[in-house]
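Trainee: Sharing structure-v6.txt here; it has compact mmCIF, C-alpha atoms and all ligand atoms.
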# COMPACT_ATOMS: atom_id res chain seq x y z
CA MET A 1 106.36 71.36 68.03
CA LYS A 2 109.41 73.52 68.66
CA LEU A 3 112.75 71.76 68.55
CA HIS A 4 115.66 73.98 69.38
CA ILE A 5 119.31 73.00 69.04
CA GLU A 6 121.58 74.66 71.61
CA ARG A 7 124.31 75.77 69.21
CA ASP A 8 126.95 76.81 71.76
CA GLU A 9 126.45 73.69 73.85
CA LEU A 10 126.85 71.55 70.75
CA ILE A 11 130.09 73.29 69.77
CA ALA A 12 131.48 72.94 73.31
CA LEU A 13 130.55 69.25 73.40
CA VAL A 14 132.24 68.52 70.06
CA GLN A 15 135.35 70.37 71.24
CA ASP A 16 135.40 68.30 74.43
CA LEU A 17 135.19 65.11 72.35
CA ILE A 18 138.05 66.21 70.09
CA ARG A 19 140.19 66.93 73.20
CA ILE A 20 139.97 63.25 74.15
CA ASP A 21 142.49 61.26 72.10
CA SER A 22 140.67 58.14 70.87
CA VAL A 23 143.05 57.02 68.14
CA ASN A 24 142.45 53.39 67.26
CA PRO A 25 145.35 51.34 68.71
CA TYR A 26 145.07 48.77 65.91
CA LEU A 27 145.96 51.49 63.40
CA ASP A 28 148.54 53.35 65.51
CA ALA A 29 150.23 51.52 68.38
CA ASP A 30 150.36 54.78 70.39
CA GLY A 31 146.58 55.20 70.16
CA PRO A 32 144.82 54.82 73.54
CA GLY A 33 141.55 53.47 72.10
CA GLU A 34 138.03 54.45 73.05
CA ARG A 35 137.93 53.90 76.84
CA GLU A 36 138.30 57.51 78.01
CA MET A 37 135.87 58.73 75.35
CA ALA A 38 133.38 56.06 76.41
CA VAL A 39 133.56 57.12 80.06
CA TYR A 40 132.98 60.76 79.07
CA LEU A 41 129.96 59.86 76.92
CA GLN A 42 128.59 57.55 79.60
CA ALA A 43 128.59 60.44 82.10
CA LYS A 44 126.92 62.73 79.58
CA LEU A 45 124.15 60.23 78.81
CA VAL A 46 123.56 59.55 82.51
CA GLU A 47 123.23 63.31 83.08
CA MET A 48 120.57 63.35 80.32
CA GLY A 49 118.61 60.69 82.20
CA LEU A 50 118.98 57.92 79.62
CA GLU A 51 119.37 54.23 80.41
CA VAL A 52 123.10 53.80 79.90
CA ARG A 53 125.37 50.80 79.39
CA LEU A 54 129.10 50.70 78.90
CA VAL A 55 129.91 47.42 77.19
CA PRO A 56 133.60 46.41 77.34
CA ILE A 57 134.93 44.52 74.31
CA ASN A 58 138.63 44.27 75.17
CA GLU A 59 141.23 46.25 77.22
CA THR A 60 140.94 49.38 75.11
CA ALA A 61 137.68 49.03 73.19
CA CYS A 62 134.12 49.36 74.43
CA ASN A 63 130.69 50.52 73.28
CA VAL A 64 128.41 52.99 75.03
CA ILE A 65 124.66 52.67 74.60
CA GLY A 66 122.14 55.28 75.73
CA MET A 67 118.46 54.39 75.53
CA LEU A 68 115.67 56.97 75.58
CA ARG A 69 112.70 54.73 76.39
CA GLY A 70 109.47 55.35 74.57
CA THR A 71 106.03 55.00 76.13
CA GLY A 72 105.42 51.89 74.02
CA GLY A 73 103.88 50.93 70.71
CA GLY A 74 106.07 53.16 68.51
CA LYS A 75 108.88 52.37 66.13
CA SER A 76 112.42 52.31 67.49
CA LEU A 77 115.35 54.11 65.91
CA LEU A 78 119.05 53.38 66.41
CA LEU A 79 121.62 56.12 65.84
CA ASN A 80 125.20 54.95 65.38
CA GLY A 81 128.57 56.68 65.50
CA HIS A 82 132.11 55.43 66.01
CA MET A 83 134.29 56.85 68.79
CA ASP A 84 137.67 55.88 67.34
CA THR A 85 139.72 57.94 64.91
CA VAL A 86 142.61 57.20 62.59
CA SER A 87 146.11 58.25 63.65
CA ALA A 88 146.75 61.90 64.49
CA LYS A 89 150.39 61.78 63.44
CA ARG A 90 151.32 63.67 60.29
CA MET A 91 148.66 66.31 60.87
CA ASP A 92 149.34 69.97 60.06
CA ILE A 93 147.16 71.20 62.95
CA PRO A 94 147.12 70.34 66.66
CA PRO A 95 144.94 67.21 66.57
CA PHE A 96 143.52 67.38 70.11
CA GLU A 97 143.33 71.14 70.67
CA PRO A 98 140.19 72.04 68.74
CA VAL A 99 140.01 75.50 67.21
CA HIS A 100 136.64 77.01 66.26
CA GLU A 101 137.25 79.49 63.46
CA ASP A 102 135.49 80.66 60.26
CA GLY A 103 132.50 78.46 61.01
CA LYS A 104 134.66 75.35 61.25
CA ILE A 105 135.83 73.17 64.11
CA PHE A 106 139.32 71.80 63.47
CA GLY A 107 140.89 68.67 64.95
CA ARG A 108 141.35 64.93 64.46
CA GLY A 109 137.95 63.28 64.28
CA SER A 110 136.06 66.57 63.91
CA GLN A 111 134.33 65.37 60.74
CA ASP A 112 134.98 61.63 61.17
CA MET A 113 133.08 61.59 63.41
CA LYS A 114 133.07 63.39 66.75
CA GLY A 115 131.01 66.21 65.26
CA SER A 116 128.30 63.66 64.53
CA LEU A 117 128.48 62.18 68.05
CA GLY A 118 127.79 65.68 69.38
CA ALA A 119 124.89 66.17 66.96
CA MET A 120 123.32 62.83 67.95
CA ILE A 121 123.33 63.94 71.59
CA ALA A 122 122.12 67.47 70.77
CA ALA A 123 119.17 66.00 68.83
CA VAL A 124 117.99 63.95 71.81
CA GLU A 125 118.50 66.89 74.19
CA ALA A 126 116.33 69.07 71.94
CA ILE A 127 113.55 66.49 72.09
CA GLN A 128 113.82 66.25 75.86
CA LYS A 129 113.77 70.04 76.30
CA ALA A 130 110.72 70.35 74.05
CA GLY A 131 108.95 67.89 76.37
CA VAL A 132 108.13 65.50 73.52
CA ARG A 133 107.08 62.04 74.67
CA LEU A 134 107.94 59.44 72.06
CA ALA A 135 106.19 56.09 71.71
CA GLY A 136 109.23 54.27 70.30
CA ASP A 137 112.71 53.88 71.77
CA VAL A 138 115.68 55.94 70.61
CA ILE A 139 118.96 54.06 70.95
CA LEU A 140 122.13 56.14 70.83
CA THR A 141 125.05 53.82 70.09
CA PHE A 142 128.68 54.95 70.31
CA VAL A 143 130.91 52.19 69.06
CA ALA A 144 134.56 51.17 68.96
CA ASP A 145 136.91 50.29 66.15
CA GLU A 146 135.03 51.32 63.00
CA GLU A 147 138.28 52.46 61.43
CA TYR A 148 139.80 48.99 61.63
CA LYS A 149 137.65 45.87 61.95
CA SER A 150 134.36 47.20 63.34
CA ILE A 151 134.40 45.01 66.44
CA GLY A 152 132.16 47.60 68.14
CA THR A 153 129.24 47.40 65.73
CA GLU A 154 129.74 43.65 65.37
CA GLU A 155 129.13 43.34 69.13
CA LEU A 156 126.26 45.83 69.00
CA VAL A 157 124.18 43.97 66.42
CA LYS A 158 124.43 40.74 68.41
CA GLU A 159 122.33 42.35 71.13
CA TYR A 160 120.35 45.27 69.76
CA ARG A 161 117.45 45.46 67.33
CA ALA A 162 115.54 48.47 66.02
CA ASP A 163 113.05 49.28 63.27
CA ALA A 164 115.64 51.42 61.49
CA ALA A 165 119.07 52.95 61.92
CA ILE A 166 121.01 56.04 60.91
CA VAL A 167 124.79 55.75 60.76
CA CYS A 168 126.01 59.30 61.20
CA GLU A 169 129.14 59.22 59.01
CA PRO A 170 129.79 62.50 57.18
CA SER A 171 127.53 62.68 54.10
CA ASP A 172 127.48 66.44 53.38
CA LEU A 173 123.88 66.53 54.66
CA ASP A 174 122.84 64.23 51.80
CA ILE A 175 121.53 60.72 52.40
CA GLY A 176 123.84 57.78 51.79
CA VAL A 177 122.06 54.62 50.64
CA VAL A 178 124.81 52.50 49.13
CA HIS A 179 128.52 51.72 49.31
CA LYS A 180 130.92 49.11 48.08
CA GLY A 181 132.06 46.00 49.93
CA PHE A 182 135.54 44.55 49.79
CA ALA A 183 137.51 41.32 49.81
CA TRP A 184 141.14 40.80 50.82
CA ILE A 185 142.89 37.98 49.04
CA SER A 186 146.29 36.49 49.74
CA CYS A 187 148.04 34.34 47.15
CA GLU A 188 151.11 32.16 47.66
CA VAL A 189 153.03 31.40 44.50
CA ARG A 190 155.40 28.44 44.77
CA GLY A 191 158.58 28.11 42.72
CA LYS A 192 161.71 26.04 43.10
CA SER A 193 164.93 27.44 44.47
CA ALA A 194 168.12 26.89 42.49
CA HIS A 195 171.46 28.52 41.88
CA GLY A 196 170.99 31.56 39.68
CA SER A 197 173.24 30.04 37.02
CA ARG A 198 171.08 26.91 36.63
CA PRO A 199 167.83 27.91 34.92
CA LYS A 200 166.80 24.34 34.16
CA GLU A 201 166.62 23.55 37.89
CA GLY A 202 164.82 26.65 39.12
CA VAL A 203 161.21 27.85 38.95
CA ASP A 204 160.94 31.60 39.47
CA ALA A 205 158.07 32.28 41.89
CA ILE A 206 158.36 36.05 41.46
CA VAL A 207 158.04 35.92 37.69
CA HIS A 208 155.05 33.61 38.14
CA ALA A 209 153.54 36.12 40.56
CA GLY A 210 153.98 38.62 37.72
CA ARG A 211 151.60 36.49 35.66
CA VAL A 212 149.04 36.79 38.43
CA LEU A 213 149.53 40.56 38.35
CA GLN A 214 148.85 40.59 34.61
CA GLU A 215 145.59 38.73 35.22
CA ILE A 216 144.65 41.24 37.92
CA ASP A 217 145.27 44.02 35.40
CA LYS A 218 143.02 42.27 32.85
CA LEU A 219 140.37 41.73 35.52
CA SER A 220 140.40 45.39 36.48
CA LYS A 221 139.54 46.26 32.86
CA GLN A 222 136.81 43.59 32.65
CA LEU A 223 135.24 44.93 35.84
CA MET A 224 134.57 48.23 34.08
CA ASN A 225 131.79 46.41 32.20
CA LYS A 226 129.90 46.01 35.47
CA HIS A 227 128.04 49.08 36.60
CA HIS A 228 126.00 50.35 39.53
CA PRO A 229 123.98 53.54 38.88
CA ILE A 230 125.43 55.36 41.90
CA LEU A 231 128.73 53.57 42.60
CA GLY A 232 129.95 52.92 39.09
CA SER A 233 132.19 49.90 38.54
CA PRO A 234 133.75 47.48 41.00
CA SER A 235 137.54 47.39 41.06
CA VAL A 236 140.62 45.39 41.94
CA HIS A 237 144.17 46.44 42.80
CA ALA A 238 147.38 44.78 43.99
CA SER A 239 148.27 45.73 47.57
CA LEU A 240 151.34 43.88 48.90
CA ILE A 241 154.08 41.72 47.44
CA ASN A 242 156.89 39.83 49.12
CA GLY A 243 159.29 37.19 47.87
CA GLY A 244 162.82 36.12 47.13
CA THR A 245 165.87 35.33 49.26
CA GLU A 246 168.93 36.83 47.55
CA LEU A 247 170.14 38.01 44.15
CA SER A 248 171.83 34.79 43.06
CA THR A 249 168.95 32.42 43.80
CA TYR A 250 165.76 31.48 41.99
CA PRO A 251 162.98 32.46 44.37
CA ASP A 252 160.86 29.55 45.54
CA TYR A 253 158.15 31.70 47.08
CA CYS A 254 156.26 34.91 46.46
CA ARG A 255 153.27 36.21 48.35
CA LEU A 256 150.93 38.61 46.65
CA ASP A 257 147.91 40.23 48.36
CA TRP A 258 145.22 42.13 46.56
CA GLU A 259 141.98 43.93 47.29
CA ARG A 260 138.74 43.63 45.38
CA ARG A 261 136.06 46.31 45.89
CA THR A 262 132.58 44.96 45.18
CA ILE A 263 129.22 46.45 44.22
CA PRO A 264 125.78 45.20 45.38
CA GLY A 265 124.97 41.92 43.68
CA GLU A 266 128.51 40.55 43.90
CA SER A 267 128.90 37.79 46.46
CA LYS A 268 131.84 36.30 48.32
CA GLN A 269 131.39 33.13 46.25
CA ASP A 270 131.60 35.17 43.03
CA VAL A 271 134.94 36.65 44.09
CA GLU A 272 136.28 33.26 45.24
CA LYS A 273 135.38 31.81 41.83
CA GLU A 274 137.10 34.73 40.09
CA VAL A 275 140.31 34.06 42.06
CA ALA A 276 140.19 30.32 41.39
CA ALA A 277 139.66 30.95 37.66
CA ILE A 278 142.81 33.11 37.47
CA LEU A 279 144.98 30.43 39.10
CA GLN A 280 143.43 27.64 37.01
CA LYS A 281 144.04 29.55 33.76
CA LEU A 282 147.69 30.17 34.63
CA HIS A 283 148.19 26.54 35.58
CA ASP A 284 146.56 25.37 32.32
CA GLU A 285 148.92 27.60 30.35
CA ASP A 286 152.02 26.37 32.20
CA GLU A 287 152.10 23.29 34.39
CA SER A 288 155.03 24.63 36.42
CA PHE A 289 152.82 27.46 37.69
CA ARG A 290 151.76 26.52 41.21
CA ALA A 291 149.84 28.82 43.51
CA SER A 292 147.10 28.83 46.10
CA ALA A 293 144.94 31.72 47.20
CA GLU A 294 142.64 32.50 50.07
CA LEU A 295 139.94 35.13 50.46
CA PHE A 296 140.78 35.93 54.12
CA PHE A 297 138.60 38.96 54.88
CA TRP A 298 135.22 39.89 53.47
CA ARG A 299 132.81 42.76 53.95
CA ASP A 300 129.48 42.87 52.15
CA PRO A 301 128.50 45.85 50.04
CA TYR A 302 125.62 47.85 51.45
CA GLU A 303 122.44 49.12 49.82
CA VAL A 304 119.11 50.22 51.26
CA SER A 305 115.85 50.85 49.41
CA ILE A 306 114.72 54.47 49.11
CA GLU A 307 111.20 53.20 49.80
CA GLU A 308 112.17 52.48 53.43
CA PRO A 309 110.23 54.61 55.93
CA ILE A 310 113.49 55.81 57.53
CA PHE A 311 114.73 57.17 54.20
CA LEU A 312 111.43 58.91 53.51
CA THR A 313 111.21 60.40 57.01
CA LEU A 314 114.79 61.66 56.93
CA GLU A 315 114.31 63.09 53.44
CA VAL A 316 111.29 65.16 54.55
CA ALA A 317 113.21 66.43 57.60
CA CYS A 318 116.14 67.46 55.35
CA ARG A 319 113.83 69.32 52.98
CA ASN A 320 112.09 71.11 55.85
CA ARG A 321 115.35 72.28 57.39
CA LEU A 322 117.55 72.88 54.35
CA GLY A 323 114.96 73.96 51.79
CA ARG A 324 116.41 71.57 49.23
CA VAL A 325 115.99 67.95 48.23
CA PRO A 326 118.93 65.96 49.64
CA ARG A 327 120.97 63.99 47.13
CA ILE A 328 120.72 60.22 47.20
CA SER A 329 124.39 59.41 47.47
CA GLY A 330 126.90 56.60 47.58
CA PHE A 331 129.91 56.39 49.88
CA SER A 332 133.31 55.57 48.47
CA GLY A 333 134.46 53.65 51.54
CA TRP A 334 132.94 50.87 53.62
CA THR A 335 131.02 51.73 56.83
CA ASP A 336 129.29 50.07 59.77
CA ALA A 337 125.99 50.65 57.91
CA ALA A 338 126.69 47.38 56.08
CA LEU A 339 126.75 45.40 59.34
CA ILE A 340 123.57 46.97 60.71
CA GLN A 341 121.70 46.54 57.43
CA GLU A 342 122.96 42.93 57.25
CA ALA A 343 121.47 42.36 60.73
CA GLY A 344 118.06 43.14 59.22
CA ILE A 345 117.77 46.79 60.30
CA PRO A 346 117.07 49.20 57.40
CA THR A 347 119.94 51.70 57.61
CA VAL A 348 120.77 55.04 56.00
CA LEU A 349 123.89 57.21 56.25
CA PHE A 350 123.60 60.85 57.24
CA GLY A 351 126.11 63.35 58.59
CA PRO A 352 127.71 66.79 58.33
CA THR A 353 129.87 68.65 55.83
CA GLY A 354 133.57 69.27 56.29
CA ALA A 355 136.85 68.10 54.84
CA GLY A 356 140.12 66.34 55.51
CA LEU A 357 138.88 63.12 57.05
CA HIS A 358 141.95 60.92 57.63
CA GLY A 359 143.97 63.89 56.25
CA ALA A 360 146.42 66.52 57.50
CA ILE A 361 143.82 69.24 58.16
CA GLU A 362 140.45 67.91 59.28
CA TYR A 363 137.45 70.08 60.07
CA VAL A 364 133.68 69.95 60.34
CA GLU A 365 131.42 72.85 59.36
CA THR A 366 129.64 74.11 62.44
CA GLU A 367 126.34 75.09 60.81
CA SER A 368 126.10 71.66 59.20
CA LEU A 369 126.28 70.13 62.69
CA VAL A 370 123.46 72.35 63.92
CA ASP A 371 121.41 71.45 60.82
CA MET A 372 122.24 67.79 61.29
CA ALA A 373 121.11 67.82 64.93
CA ALA A 374 117.86 69.58 64.01
CA ILE A 375 117.18 67.14 61.16
CA LEU A 376 117.90 64.15 63.41
CA ALA A 377 115.60 65.55 66.08
CA GLU A 378 112.72 65.96 63.62
CA THR A 379 113.37 62.53 62.11
CA ILE A 380 113.31 60.91 65.56
CA CYS A 381 110.06 62.69 66.49
CA GLU A 382 108.36 61.59 63.26
CA PHE A 383 109.72 58.06 63.17
CA CYS A 384 109.27 57.16 66.84
CA ARG A 385 106.04 59.02 67.63
ZN ZN B 401 134.02 57.37 60.01
As structure tokens, please, write out the structure in this file.

Mentor:
Amino acid sequence: MKLHIERDELIALVQDLIRIDSVNPYLDADGPGEREMAVYLQAKLVEMGLEVRLVPINETACNVIGMLRGTGGGKSLLLNGHMDTVSAKRMDIPPFEPVHEDGKIFGRGSQDMKGSLGAMIAAVEAIQKAGVRLAGDVILTFVADEEYKSIGTEELVKEYRADAAIVCEPSDLDIGVVHKGFAWISCEVRGKSAHGSRPKEGVDAIVHAGRVLQEIDKLSKQLMNKHHPILGSPSVHASLINGGTELSTYPDYCRLDWERRTIPGESKQDVEKEVAAILQKLHDEDESFRASAELFFWRDPYEVSIEEPIFLTLEVACRNRLGRVPRISGFSGWTDAALIQEAGIPTVLFGPTGAGLHGAIEYVETESLVDMAAILAETICEFCR
């Protein structure tokens, strides 16, 4: 079968997407959110003849779903990409006026991940133009808010099921199969306020918070003994600290927040126990140490087996197109793949090459988008036939 990616159409589509500001308003108050982008994509998917739904989530956020129905009896495949971007302030290039130069498309979201959204669409168009009739459904999902709290994919997995999924985050045309999870912990250390000249009456909450920091430092060294073959060690770091009232007073309160990055096999309960053990130890050493802590946000780590049919199918398509064996890779950051995998859908990560995601100069490499679209098209045809 002949699957042809319309290169110029793909480039024009990605440039159109970059022109639409979809900065996440939870990250940058001036960001408009995903609504305009969603309306644009909705029109595009309707034009392609897909079954289309625009699913509002709140005033600015929504998902767009485009379904290419199969004839029945085949396996279904869900492709996922987020429409939002991080802030476009502090960029060294015009964020929403895409320039195509030296085989690169520049602009905010070009690599993360409007290039991928274009490639997802180009893949389905190639299948349609080739006249291929698939047995299984292809579900194109364009979601909101991945860069903040992933409310888009959270909504999506409540309603949609598929036999496998590809999250099209940039992976340098390798296949991502694992990434870390994370936990956010807030700790309130209680002291006793007193005049600065009366040490017997005061308990210094900030100094006590310093003891917690020392334990975090020890923990970060202990965590190096844990190891994942692709991700390496889990980690912990202090993030925020706040306390004290004025120079001449013993502080009665200090709040300390930290982040723990986890590897597969580490559970929320494990991290909660680790936190409790730190506070218990400090209290045992000094009865005047009083603190409480809460694990207030948790995201699971993600890992998929390389025996999964979607991995194997995608790997063959990569080899056919690129003439090389794709690397089995890990992502440094967290992605929506964790939520989709958690919902029981085997999920891999696959996307283009480029640089500068979240940075001052962001670009995606044009040929990698064409390759990506061709690889997705072949993967869909094999997986859903
Ligand atoms: Zn992304």

Trainee: Write out as a count of residues only which residues come within 12 Å of Thr347 (chain A) when counting only C-alpha atoms, dropping same-chain ones fewer than 5 positions away.

Mentor: 38

Trainee: Around ligand ZN 401 (chain B), out to 7 Å and counting all atoms listed in the file, which residues are there? I want them as a ChimeraX atom specification.

Mentor: /A:82,112-113,146-147,169

Trainee: What is the CA of Pro56 (chain A)-CA of Leu117 (chain A) distance in Å, reported with one decimal?

Mentor: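 These atoms are spaced 19.0 Å apart.
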
Trainee: One decimal, Å: what's the distance from CA of Ile380 (chain A) over to CA of Met67 (chain A), could you say?

Mentor: 13.0 Å

Trainee: What lies within 6 Å of region 98-108 of chain A using all atoms listed in the file, ignoring chain neighbours under 6 positions off, as a count of residues only?

Mentor: 6

Trainee: Compile a residue-level contact table for region 251-290 of chain A against region 216-239 of chain A at a cut-off of 7 Å, reporting for every qualifying residue the shortest atom pair and its distance in Å to one decimal, with all atoms listed in the file counted, rows ordered by chain and ascending number, as CSV.

Mentor:
residue,atom,partner,partner_atom,distance
A:Asp257,CA,A:Ser239,CA,5.6
A:Trp258,CA,A:Ala238,CA,4.3
A:Glu259,CA,A:His237,CA,5.6
A:Arg260,CA,A:Val236,CA,4.3
A:Arg261,CA,A:Ser235,CA,5.2
A:Thr262,CA,A:Pro234,CA,5.0
A:Ile263,CA,A:Pro234,CA,5.7

Trainee: Counting all atoms listed in the file, what is within 9 Å of Val212 (chain A), bar same-chain residues fewer than 4 positions away, as an MDAnalysis selection string?

Mentor: chainID A and resid 208 216:217 256 278:279 282

Trainee: Since we have the selection now, will you write its residues out, keeping C-alpha atoms, as an mmCIF file, in the frame of the given file?

Mentor:
data_model
loop_
_atom_site.group_PDB
_atom_site.id
_atom_site.type_symbol
_atom_site.label_atom_id
_atom_site.label_comp_id
_atom_site.auth_asym_id
_atom_site.auth_seq_id
_atom_site.Cartn_x
_atom_site.Cartn_y
_atom_site.Cartn_z
ATOM 1 C CA HIS A 208 155.050 33.610 38.140
ATOM 2 C CA ILE A 216 144.650 41.240 37.920
ATOM 3 C CA ASP A 217 145.270 44.020 35.400
ATOM 4 C CA LEU A 256 150.930 38.610 46.650
ATOM 5 C CA ILE A 278 142.810 33.110 37.470
ATOM 6 C CA LEU A 279 144.980 30.430 39.100
ATOM 7 C CA LEU A 282 147.690 30.170 34.630
#

Trainee: If I only want region 81-95 of chain A, can you write it with N, CA, C and O atoms, as a short mmCIF file (atom, residue, chain, number, x, y, z; two decimals), in the first residue's frame?

Mentor:
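To be explicit, this is the file written out as result-v6.cif:
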data_model
loop_
_atom_site.label_atom_id
_atom_site.label_comp_id
_atom_site.auth_asym_id
_atom_site.auth_seq_id
_atom_site.Cartn_x
_atom_site.Cartn_y
_atom_site.Cartn_z
N GLY A 81 -2.46 14.16 21.85
CA GLY A 81 -1.54 15.30 21.88
C GLY A 81 -2.19 16.45 22.63
O GLY A 81 -3.40 16.64 22.55
N HIS A 82 -1.38 17.22 23.35
CA HIS A 82 -1.96 18.35 24.09
C HIS A 82 -1.90 19.64 23.25
O HIS A 82 -0.94 19.87 22.52
N MET A 83 -2.96 20.43 23.39
CA MET A 83 -3.08 21.68 22.62
C MET A 83 -2.43 22.86 23.34
O MET A 83 -2.09 23.86 22.70
N ASP A 84 -2.29 22.78 24.65
CA ASP A 84 -1.75 23.93 25.39
C ASP A 84 -0.23 24.00 25.27
O ASP A 84 0.43 23.01 24.94
N THR A 85 0.29 25.19 25.52
CA THR A 85 1.74 25.38 25.60
C THR A 85 2.07 26.10 26.91
O THR A 85 1.18 26.66 27.55
N VAL A 86 3.34 26.09 27.25
CA VAL A 86 3.80 26.92 28.36
C VAL A 86 3.85 28.38 27.88
O VAL A 86 3.63 28.66 26.70
N SER A 87 4.15 29.28 28.79
CA SER A 87 4.16 30.71 28.47
C SER A 87 5.09 31.03 27.30
O SER A 87 6.10 30.36 27.10
N ALA A 88 4.71 32.08 26.55
CA ALA A 88 5.55 32.50 25.42
C ALA A 88 6.35 33.75 25.77
O ALA A 88 7.06 34.30 24.93
N LYS A 89 6.23 34.19 27.01
CA LYS A 89 7.04 35.34 27.44
C LYS A 89 8.49 34.88 27.57
O LYS A 89 8.75 33.69 27.71
N ARG A 90 9.39 35.80 27.54
CA ARG A 90 10.82 35.48 27.65
C ARG A 90 11.31 34.57 26.53
O ARG A 90 12.19 33.72 26.72
N MET A 91 10.71 34.70 25.35
CA MET A 91 11.25 33.97 24.20
C MET A 91 12.12 34.92 23.37
O MET A 91 11.86 36.12 23.34
N ASP A 92 13.12 34.36 22.71
CA ASP A 92 14.01 35.19 21.87
C ASP A 92 13.56 35.22 20.41
O ASP A 92 14.25 35.77 19.56
N ILE A 93 12.43 34.60 20.11
CA ILE A 93 11.88 34.61 18.75
C ILE A 93 10.41 34.98 18.85
O ILE A 93 9.82 34.85 19.92
N PRO A 94 9.80 35.47 17.75
CA PRO A 94 8.35 35.74 17.82
C PRO A 94 7.62 34.41 18.05
O PRO A 94 7.74 33.49 17.24
N PRO A 95 6.91 34.28 19.16
CA PRO A 95 6.34 32.97 19.51
C PRO A 95 5.23 32.48 18.57
O PRO A 95 5.11 31.28 18.34
#
